[in-house]
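Asker: Okay, so here is protein21.tsv, and as you'll see once you scroll down, it has TSV, C-alpha atoms.
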chain	number	residue	atom	x	y	z
A	264	MET	CA	-59.79	-120.21	-26.77
A	265	ASP	CA	-59.61	-123.95	-25.98
A	266	VAL	CA	-62.66	-126.24	-26.12
A	267	LEU	CA	-63.14	-126.38	-22.33
A	268	ALA	CA	-63.16	-122.61	-21.91
A	269	HIS	CA	-65.44	-122.15	-24.93
A	270	VAL	CA	-68.00	-124.67	-23.67
A	271	SER	CA	-67.93	-123.19	-20.16
A	272	GLU	CA	-68.47	-119.66	-21.46
A	273	ALA	CA	-71.23	-120.69	-23.88
A	274	THR	CA	-73.27	-122.72	-21.39
A	275	GLY	CA	-72.38	-121.17	-18.02
A	276	VAL	CA	-71.26	-124.53	-16.59
A	277	PRO	CA	-68.03	-124.26	-14.51
A	278	ALA	CA	-65.01	-125.66	-16.35
A	279	ASP	CA	-63.99	-127.96	-13.48
A	280	LEU	CA	-67.25	-129.90	-13.93
A	281	LEU	CA	-66.47	-130.57	-17.62
A	282	SER	CA	-62.78	-131.51	-17.66
A	283	GLY	CA	-63.51	-135.15	-16.78
A	284	TYR	CA	-66.08	-135.42	-19.58
A	285	LEU	CA	-63.64	-133.99	-22.14
A	286	SER	CA	-61.10	-136.62	-21.09
A	287	VAL	CA	-63.71	-139.31	-21.72
A	288	LEU	CA	-64.39	-137.93	-25.21
A	289	MET	CA	-60.70	-137.80	-26.08
A	290	ALA	CA	-60.09	-141.34	-24.83
A	291	ALA	CA	-63.11	-142.72	-26.71
A	292	SER	CA	-62.03	-140.92	-29.90
A	293	SER	CA	-58.49	-142.31	-29.79
A	294	THR	CA	-59.19	-145.86	-28.56
A	295	GLY	CA	-62.80	-146.46	-29.64
A	296	ARG	CA	-63.56	-147.85	-26.18
A	297	LEU	CA	-66.36	-146.93	-23.82
A	298	PRO	CA	-65.43	-145.42	-20.41
A	299	GLY	CA	-64.75	-147.87	-17.58
A	300	ARG	CA	-66.37	-148.12	-14.17
A	301	ASP	CA	-63.89	-145.79	-12.42
A	302	THR	CA	-64.42	-143.12	-15.07
A	303	ILE	CA	-68.19	-143.39	-14.78
A	304	GLU	CA	-67.97	-143.07	-10.97
A	305	ALA	CA	-65.85	-139.94	-11.38
A	306	LEU	CA	-68.47	-138.44	-13.71
A	307	ARG	CA	-71.22	-139.39	-11.24
A	308	ALA	CA	-69.35	-137.50	-8.52
A	309	LEU	CA	-69.11	-134.46	-10.82
A	310	GLY	CA	-72.87	-134.71	-11.40
A	311	THR	CA	-73.43	-134.64	-7.64
A	312	THR	CA	-71.21	-131.58	-7.35
A	313	ALA	CA	-73.15	-129.86	-10.14
A	314	ALA	CA	-76.43	-130.50	-8.32
A	315	GLU	CA	-75.00	-129.17	-5.03
A	316	ARG	CA	-73.89	-125.99	-6.81
A	317	GLY	CA	-77.33	-125.54	-8.36
A	318	VAL	CA	-76.25	-126.12	-11.97
A	319	PRO	CA	-79.41	-127.07	-13.94
A	320	MET	CA	-79.42	-130.51	-15.57
A	321	ARG	CA	-80.38	-128.88	-18.85
A	322	SER	CA	-77.22	-126.69	-18.80
A	323	LEU	CA	-75.03	-129.66	-17.95
A	324	ALA	CA	-76.48	-131.71	-20.82
A	325	ASP	CA	-76.05	-128.75	-23.19
A	326	ALA	CA	-72.39	-128.44	-22.19
A	327	CYS	CA	-71.72	-132.13	-22.75
A	328	LEU	CA	-73.39	-132.10	-26.17
A	329	LEU	CA	-71.53	-128.94	-27.23
A	330	ALA	CA	-68.22	-130.46	-26.13
A	331	SER	CA	-69.03	-133.58	-28.17
A	332	GLU	CA	-69.85	-131.42	-31.19
A	333	LEU	CA	-66.63	-129.39	-30.94
A	334	THR	CA	-64.36	-132.43	-30.54
A	335	SER	CA	-66.00	-134.62	-33.20
A	336	ARG	CA	-64.77	-135.29	-36.73
A	337	PRO	CA	-65.94	-132.75	-39.33
A	338	ALA	CA	-68.33	-135.24	-40.90
A	339	GLU	CA	-70.00	-135.97	-37.53
A	340	ALA	CA	-70.30	-132.36	-36.31
A	341	PRO	CA	-73.60	-131.55	-38.12
A	342	LEU	CA	-75.22	-134.69	-36.73
A	343	LEU	CA	-74.12	-133.95	-33.18
A	344	GLY	CA	-75.17	-130.34	-33.60
A	345	ALA	CA	-78.64	-131.51	-34.62
A	346	VAL	CA	-78.77	-133.88	-31.63
A	347	ARG	CA	-77.83	-131.04	-29.28
A	348	ARG	CA	-80.42	-128.63	-30.61
A	349	GLY	CA	-83.12	-131.29	-30.72
A	350	LEU	CA	-82.51	-132.34	-27.11
A	351	LEU	CA	-82.51	-128.72	-25.96
A	352	ALA	CA	-85.91	-128.28	-27.60
A	353	TYR	CA	-87.14	-131.36	-25.72
A	354	PHE	CA	-85.77	-129.92	-22.47
A	355	GLU	CA	-87.49	-126.58	-23.02
A	356	GLY	CA	-90.85	-128.16	-23.81
A	357	TYR	CA	-90.59	-130.55	-20.85
A	358	GLU	CA	-89.65	-127.79	-18.39
A	359	GLU	CA	-92.39	-125.47	-19.64
A	360	ALA	CA	-94.95	-128.24	-19.12
A	361	GLN	CA	-93.63	-128.85	-15.58
A	362	PHE	CA	-93.72	-125.15	-14.67
A	363	ARG	CA	-97.20	-124.83	-16.12
A	364	ALA	CA	-98.41	-127.83	-14.11
A	365	ILE	CA	-96.88	-126.38	-10.93
A	366	ARG	CA	-98.51	-123.00	-11.55
A	367	GLN	CA	-101.88	-124.64	-12.22
A	368	GLU	CA	-101.58	-126.75	-9.07
A	369	ASP	CA	-100.68	-123.69	-6.98
A	370	GLU	CA	-103.58	-121.75	-8.47
A	371	ALA	CA	-105.99	-124.64	-7.84
A	372	ARG	CA	-104.71	-124.88	-4.28
A	373	ARG	CA	-105.20	-121.14	-3.68
A	374	GLU	CA	-108.70	-121.24	-5.15
A	375	PHE	CA	-109.61	-124.30	-3.07
A	376	ILE	CA	-108.38	-122.75	0.18
A	377	GLY	CA	-110.15	-119.50	-0.64
A	378	ASP	CA	-113.42	-121.35	-1.30
A	379	LEU	CA	-112.94	-123.50	1.80
A	380	LEU	CA	-112.39	-120.55	4.15
A	381	GLN	CA	-115.31	-118.63	2.66
A	382	GLY	CA	-117.66	-121.60	2.73
A	383	ARG	CA	-118.29	-121.77	-1.02
A	384	ALA	CA	-119.37	-125.37	-1.53
A	385	ASP	CA	-118.91	-125.88	-5.30
A	386	ARG	CA	-117.52	-129.46	-5.57
A	387	LEU	CA	-115.69	-128.77	-2.30
A	388	ALA	CA	-115.62	-132.35	-1.01
A	389	GLU	CA	-114.38	-133.70	-4.36
A	390	ARG	CA	-111.65	-131.05	-4.58
A	391	ALA	CA	-110.71	-131.60	-0.92
A	392	GLU	CA	-109.78	-135.22	-1.63
A	393	HIS	CA	-107.23	-134.02	-4.19
A	394	PHE	CA	-105.47	-132.10	-1.40
A	395	GLY	CA	-105.79	-134.88	1.16
A	396	LEU	CA	-108.59	-133.41	3.29
A	397	ARG	CA	-111.46	-135.57	4.51
A	398	LEU	CA	-114.07	-132.97	5.33
A	399	ALA	CA	-116.23	-135.36	7.35
A	400	GLU	CA	-113.52	-135.15	10.04
A	401	ALA	CA	-113.10	-132.31	12.52
A	402	TYR	CA	-110.52	-129.68	11.59
A	403	VAL	CA	-108.79	-126.90	13.50
A	404	VAL	CA	-107.65	-123.65	11.92
A	405	ALA	CA	-104.77	-121.59	13.33
A	406	VAL	CA	-103.89	-118.16	11.96
A	407	ALA	CA	-100.77	-116.05	12.45
A	408	ARG	CA	-100.60	-112.27	12.20
A	409	ASP	CA	-97.39	-110.37	11.53
A	410	ALA	CA	-96.70	-106.65	11.80
A	411	LYS	CA	-97.33	-106.41	8.04
A	412	PRO	CA	-99.93	-108.37	6.03
A	413	ILE	CA	-98.79	-111.73	4.65
A	414	GLY	CA	-99.50	-112.07	0.92
A	415	GLU	CA	-100.01	-115.13	-1.25
A	416	GLY	CA	-96.54	-114.95	-2.79
A	417	ASP	CA	-94.69	-114.66	0.51
A	418	PRO	CA	-91.84	-117.25	0.66
A	419	LEU	CA	-92.72	-117.74	4.32
A	420	ILE	CA	-95.75	-119.79	3.22
A	421	ARG	CA	-93.66	-122.34	1.33
A	422	ARG	CA	-91.03	-122.44	4.10
A	423	ILE	CA	-93.48	-123.25	6.89
A	424	GLU	CA	-95.50	-125.57	4.65
A	425	GLN	CA	-92.40	-127.64	3.83
A	426	ALA	CA	-91.47	-127.84	7.52
A	427	LEU	CA	-94.94	-129.13	8.46
A	428	ILE	CA	-95.07	-131.54	5.52
A	429	ALA	CA	-91.69	-132.96	6.58
A	430	ARG	CA	-93.19	-133.84	9.97
A	431	PHE	CA	-96.85	-134.63	9.27
A	432	GLY	CA	-96.95	-135.56	5.57
A	433	SER	CA	-98.28	-133.75	2.52
A	434	HIS	CA	-101.91	-134.82	3.01
A	435	ASN	CA	-102.48	-133.61	6.56
A	436	VAL	CA	-102.01	-129.82	6.61
A	437	LEU	CA	-102.77	-126.87	4.36
A	438	ILE	CA	-100.83	-123.61	4.65
A	439	ALA	CA	-101.96	-120.46	2.84
A	440	ALA	CA	-102.33	-116.69	3.12
A	441	ARG	CA	-105.79	-115.23	3.63
A	442	ASP	CA	-106.86	-111.69	4.54
A	443	GLY	CA	-103.26	-110.79	5.39
A	444	LEU	CA	-102.95	-113.75	7.79
A	445	LEU	CA	-100.96	-116.97	7.55
A	446	VAL	CA	-103.46	-119.82	7.81
A	447	CYS	CA	-102.93	-123.44	8.89
A	448	VAL	CA	-105.72	-126.02	8.44
A	449	ALA	CA	-105.08	-129.33	10.22
A	450	PRO	CA	-107.12	-132.33	11.43
A	451	ALA	CA	-108.22	-132.01	15.05
A	452	SER	CA	-106.80	-135.50	15.62
A	453	LEU	CA	-103.34	-134.13	14.78
A	454	ALA	CA	-103.00	-132.28	18.06
A	455	ALA	CA	-99.34	-131.35	17.57
A	456	ALA	CA	-99.90	-129.57	14.26
A	457	THR	CA	-100.98	-126.18	15.64
A	458	GLY	CA	-98.12	-126.26	18.15
A	459	GLU	CA	-95.63	-127.00	15.37
A	460	PHE	CA	-97.16	-124.21	13.28
A	461	THR	CA	-96.73	-121.79	16.20
A	462	HIS	CA	-93.13	-122.92	16.66
A	463	HIS	CA	-92.27	-122.02	13.06
A	464	VAL	CA	-94.20	-118.74	13.26
A	465	ARG	CA	-92.16	-117.78	16.32
A	466	GLY	CA	-88.95	-118.52	14.46
A	467	ASN	CA	-89.89	-116.66	11.26
A	468	LEU	CA	-91.95	-113.60	12.22
A	469	ASP	CA	-91.07	-110.39	14.03
A	470	ALA	CA	-91.53	-109.91	17.77
A	471	GLY	CA	-95.09	-108.57	17.44
A	472	TRP	CA	-96.55	-111.79	16.03
A	473	ARG	CA	-99.74	-113.36	17.38
A	474	VAL	CA	-101.38	-116.73	16.73
A	475	GLY	CA	-105.08	-117.43	17.09
A	476	VAL	CA	-106.38	-120.99	17.31
A	477	GLY	CA	-110.01	-121.86	16.55
A	478	ARG	CA	-111.95	-124.74	18.05
A	479	PRO	CA	-112.33	-128.06	16.19
A	480	HIS	CA	-115.41	-128.30	13.97
A	481	ARG	CA	-116.62	-130.83	11.40
A	482	GLY	CA	-117.29	-130.34	7.71
A	483	PRO	CA	-116.58	-127.46	5.31
A	484	GLY	CA	-118.67	-125.10	7.44
A	485	GLY	CA	-116.62	-126.17	10.45
A	486	VAL	CA	-113.42	-125.01	8.77
A	487	VAL	CA	-115.01	-121.62	8.12
A	488	THR	CA	-116.15	-121.39	11.75
A	489	SER	CA	-112.74	-122.36	13.12
A	490	PHE	CA	-111.05	-119.81	10.82
A	491	ARG	CA	-113.41	-117.07	12.03
A	492	GLU	CA	-112.81	-118.02	15.67
A	493	ALA	CA	-109.04	-117.97	15.22
A	494	SER	CA	-109.13	-114.56	13.52
A	495	GLU	CA	-111.46	-113.14	16.18
A	496	ALA	CA	-109.18	-114.45	18.95
A	497	ILE	CA	-106.37	-112.27	17.61
A	498	GLY	CA	-108.73	-109.28	17.36
A	499	LEU	CA	-109.90	-109.80	20.96
A	500	GLY	CA	-106.30	-110.04	22.12
A	501	GLU	CA	-105.60	-106.65	20.59
A	502	ARG	CA	-108.71	-104.98	21.97
A	503	LEU	CA	-108.27	-106.38	25.47
A	504	GLY	CA	-104.50	-105.87	25.60
A	505	LEU	CA	-103.98	-109.55	26.43
A	506	ARG	CA	-100.37	-110.53	27.03
A	507	PRO	CA	-100.21	-114.07	25.58
A	508	GLN	CA	-99.10	-114.22	21.96
A	509	VAL	CA	-101.00	-117.49	21.38
A	510	LEU	CA	-104.74	-117.07	21.94
A	511	LYS	CA	-107.20	-119.99	21.85
A	512	ALA	CA	-110.82	-119.33	20.98
A	513	ALA	CA	-111.87	-121.91	23.58
A	514	ASP	CA	-110.32	-119.73	26.32
A	515	LEU	CA	-112.11	-116.57	25.15
A	516	LEU	CA	-115.70	-117.78	24.81
A	517	VAL	CA	-117.01	-115.32	27.39
A	518	PHE	CA	-116.18	-112.32	25.20
A	519	PRO	CA	-118.35	-113.16	22.17
A	520	VAL	CA	-121.16	-113.85	24.65
A	521	LEU	CA	-120.75	-110.35	26.09
A	522	LEU	CA	-120.68	-108.77	22.64
A	523	ARG	CA	-123.86	-110.50	21.45
A	524	ASP	CA	-125.92	-108.11	23.56
A	525	ARG	CA	-124.06	-104.86	23.01
A	526	GLU	CA	-126.85	-102.74	24.48
A	527	ALA	CA	-126.73	-104.70	27.74
A	528	ILE	CA	-122.95	-104.50	28.07
A	529	GLU	CA	-122.99	-100.75	27.31
A	530	ASP	CA	-125.59	-100.29	30.05
A	531	LEU	CA	-123.51	-102.34	32.49
A	532	VAL	CA	-120.34	-100.35	31.78
A	533	ALA	CA	-122.15	-97.02	32.07
A	534	THR	CA	-123.92	-97.98	35.30
A	535	VAL	CA	-120.89	-99.46	37.07
A	536	LEU	CA	-117.90	-97.55	35.71
A	537	ASN	CA	-119.13	-94.09	34.69
A	538	PRO	CA	-118.57	-92.78	38.26
A	539	LEU	CA	-114.83	-93.40	37.72
A	540	LEU	CA	-114.83	-90.59	35.16
A	541	ASP	CA	-115.00	-88.17	38.12
A	542	ALA	CA	-111.84	-89.59	39.72
A	543	ARG	CA	-108.83	-87.33	39.92
A	544	GLY	CA	-106.38	-88.52	37.24
A	545	GLY	CA	-109.16	-90.14	35.24
A	546	PRO	CA	-110.44	-93.73	35.22
A	547	ALA	CA	-107.43	-95.39	33.53
A	548	PRO	CA	-105.29	-96.04	36.69
A	549	LEU	CA	-108.32	-97.43	38.52
A	550	LEU	CA	-109.24	-99.72	35.61
A	551	GLU	CA	-105.63	-100.96	35.41
A	552	THR	CA	-105.72	-101.68	39.14
A	553	LEU	CA	-108.92	-103.70	38.84
A	554	GLU	CA	-107.49	-105.68	35.92
A	555	ALA	CA	-104.29	-106.41	37.86
A	556	VAL	CA	-106.23	-107.53	40.95
A	557	PHE	CA	-108.56	-109.75	38.92
A	558	GLY	CA	-105.56	-111.15	37.01
A	559	ALA	CA	-103.88	-112.01	40.34
A	560	GLN	CA	-107.05	-113.73	41.67
A	561	GLY	CA	-107.50	-111.00	44.29
A	562	ASN	CA	-103.89	-111.05	45.54
A	563	GLN	CA	-103.18	-107.37	46.10
A	564	THR	CA	-99.44	-107.88	46.65
A	565	ALA	CA	-99.08	-109.64	43.28
A	566	ALA	CA	-101.21	-106.95	41.65
A	567	ALA	CA	-98.99	-104.23	43.11
A	568	ARG	CA	-95.91	-106.00	41.77
A	569	ARG	CA	-97.46	-106.20	38.31
A	570	LEU	CA	-98.36	-102.50	38.40
A	571	GLY	CA	-95.03	-101.40	39.85
A	572	ILE	CA	-96.61	-99.65	42.83
A	573	SER	CA	-96.91	-100.37	46.55
A	574	THR	CA	-99.53	-102.65	48.09
A	575	ARG	CA	-100.81	-99.68	50.06
A	576	ALA	CA	-101.43	-97.81	46.80
A	577	VAL	CA	-103.46	-100.75	45.48
A	578	THR	CA	-105.52	-100.84	48.68
A	579	TYR	CA	-106.11	-97.08	48.43
A	580	ARG	CA	-107.23	-97.32	44.79
A	581	LEU	CA	-109.64	-100.19	45.56
A	582	GLU	CA	-111.19	-98.12	48.34
A	583	ARG	CA	-111.63	-95.20	45.95
A	584	ILE	CA	-113.35	-97.53	43.48
A	585	ARG	CA	-115.69	-98.77	46.22
A	586	ARG	CA	-116.58	-95.22	47.28
A	587	LEU	CA	-117.14	-94.00	43.71
A	588	THR	CA	-119.03	-96.99	42.27
A	589	GLY	CA	-120.50	-98.67	45.33
A	590	PHE	CA	-118.96	-102.00	44.19
A	591	SER	CA	-116.22	-103.81	46.12
A	592	PRO	CA	-113.88	-106.47	44.65
A	593	ASP	CA	-113.98	-108.19	48.07
A	594	ASP	CA	-117.68	-109.06	47.75
A	595	PRO	CA	-118.15	-112.17	45.50
A	596	THR	CA	-121.28	-110.91	43.73
A	597	GLN	CA	-120.01	-107.36	43.35
A	598	ARG	CA	-116.62	-108.67	42.22
A	599	PHE	CA	-118.27	-110.56	39.34
A	600	THR	CA	-120.21	-107.45	38.31
A	601	LEU	CA	-117.06	-105.30	38.44
A	602	GLU	CA	-114.96	-107.82	36.50
A	603	THR	CA	-117.62	-108.18	33.78
A	604	ALA	CA	-117.89	-104.39	33.52
A	605	VAL	CA	-114.11	-104.04	33.19
A	606	LEU	CA	-114.03	-106.68	30.45
A	607	GLY	CA	-116.91	-104.92	28.71
A	608	ALA	CA	-115.04	-101.61	28.94
A	609	ARG	CA	-112.07	-103.11	27.13
A	610	LEU	CA	-114.29	-104.63	24.45
A	611	LEU	CA	-116.08	-101.32	23.90
A	612	GLY	CA	-112.94	-99.19	24.06
A	613	TRP	CA	-114.26	-97.38	27.16
A	614	PRO	CA	-113.44	-94.67	28.03
A	615	PRO	CA	-113.05	-93.27	24.51
Can I see the file as structure tokens?

Answerer:
Amino acid sequence: MDVLAHVSEATGVPADLLSGYLSVLMAASSTGRLPGRDTIEALRALGTTAAERGVPMRSLADACLLASELTSRPAEAPLLGAVRRGLLAYFEGYEEAQFRAIRQEDEARREFIGDLLQGRADRLAERAEHFGLRLAEAYVVAVARDAKPIGEGDPLIRRIEQALIARFGSHNVLIAARDGLLVCVAPASLAAATGEFTHHVRGNLDAGWRVGVGRPHRGPGGVVTSFREASEAIGLGERLGLRPQVLKAADLLVFPVLLRDREAIEDLVATVLNPLLDARGGPAPLLETLEAVFGAQGNQTAAARRLGISTRAVTYRLERIRRLTGFSPDDPTQRFTLETAVLGARLLGWPP
């Protein structure tokens, strides 16, 4: 086996990347001259090719040193062999230190984000500066939910993080996994960040994805609050069957208000909607009709189109609701009571 093939097999470096270097060794051995500018440029081009093919620098250096050892004079071979082995030891120690530092940084980042989102305040401000966060500012948290939980080791995290860093810089956003959700923490002043996050979520997750966006809040406690709001926005979207895939906590403030007094909302639903349980076919079609009418701002033609039925059928159902409950969507006060009861029914999962 010739030297080129032996070196390639021993180090895993493709032979075409080494032929130019072997020529340099042969020329230097026979003439005693160093390589000229054109030769160096050719080797530089081969180095670029090696990088593009993903050949590690350590492997390339090992191949060059082994080739030097195999083509040297017998008296020089032990010295070059020692140089090769010594440099490889340096490479190994250097790379291990780099990998260890990266792992420690990733672990510190995960711990910091975990503490931040749970509100644990142990040296939080000091640690935040290391990651570029100024907790005196207002921050917004956006969360994304996929069909399956997103774990800490998911490559999606690094992919979206790199995309956001490329646009906004490394000290403006934090991306992490928490409670099965993909989390983005960004300054409220960086208004485009949550939109960019949503754009990459749309391009990377399955069709059933949802994004919740909290309101801006200041301080470490504000990040926790915004995270909770974003998570609850997704939960409300599921419970209410809301169509939008991006849900903003600021648009859903009425629902937490309703839920704060559960006894009152249960009483409202029972008083207003329980008579629908006696309707032929059950209450579901009548509830869907009310939701469609409210969603169309009272336009019965638009509601019929959304439901896939005739306008006459919508009118008939609304009259049945009025007769059964005593409430009419045409009366402003009664309409508000009906709409609140319908929202409460969705929040409570009524009827069971």

Asker: So, with all atoms listed in the file as the atoms that count, which of A:Thr552, A:Ser322, A:Thr578, A:Ser292 lies closest to Leu280 in chain A?

Answerer: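 Using all atoms listed in the file, the shortest distance to Leu280 in chain A belongs to A:Ser322.
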
Asker: Counting only C-alpha atoms, which residue out of A:Gln560, A:Thr596, A:Thr311, A:Ser452 sits closest to His480 in chain A?

Answerer: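 Smallest distance to His480 in chain A is found for A:Ser452.
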
Asker: Which value, in Å to one decimal, gives the distance between CA of Ile528 in chain A and CA of Leu503 in chain A?

Answerer: 15.0 Å

Asker: What gap, in Å, lies between CA of Ser489 in chain A and CA of Gly475 in chain A?

Answerer: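 The value is 9.9 Å.
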
Asker: Can you tell me which residues surround Arg525 in chain A at a distance of at most 12 Å, considering only C-alpha atoms, apart from same-chain residues fewer than 4 positions away, and format the answer as JSON, numbers by chain?

Answerer: {"A": [518, 519, 520, 521, 529, 530, 531, 532, 607, 608, 610, 611]}
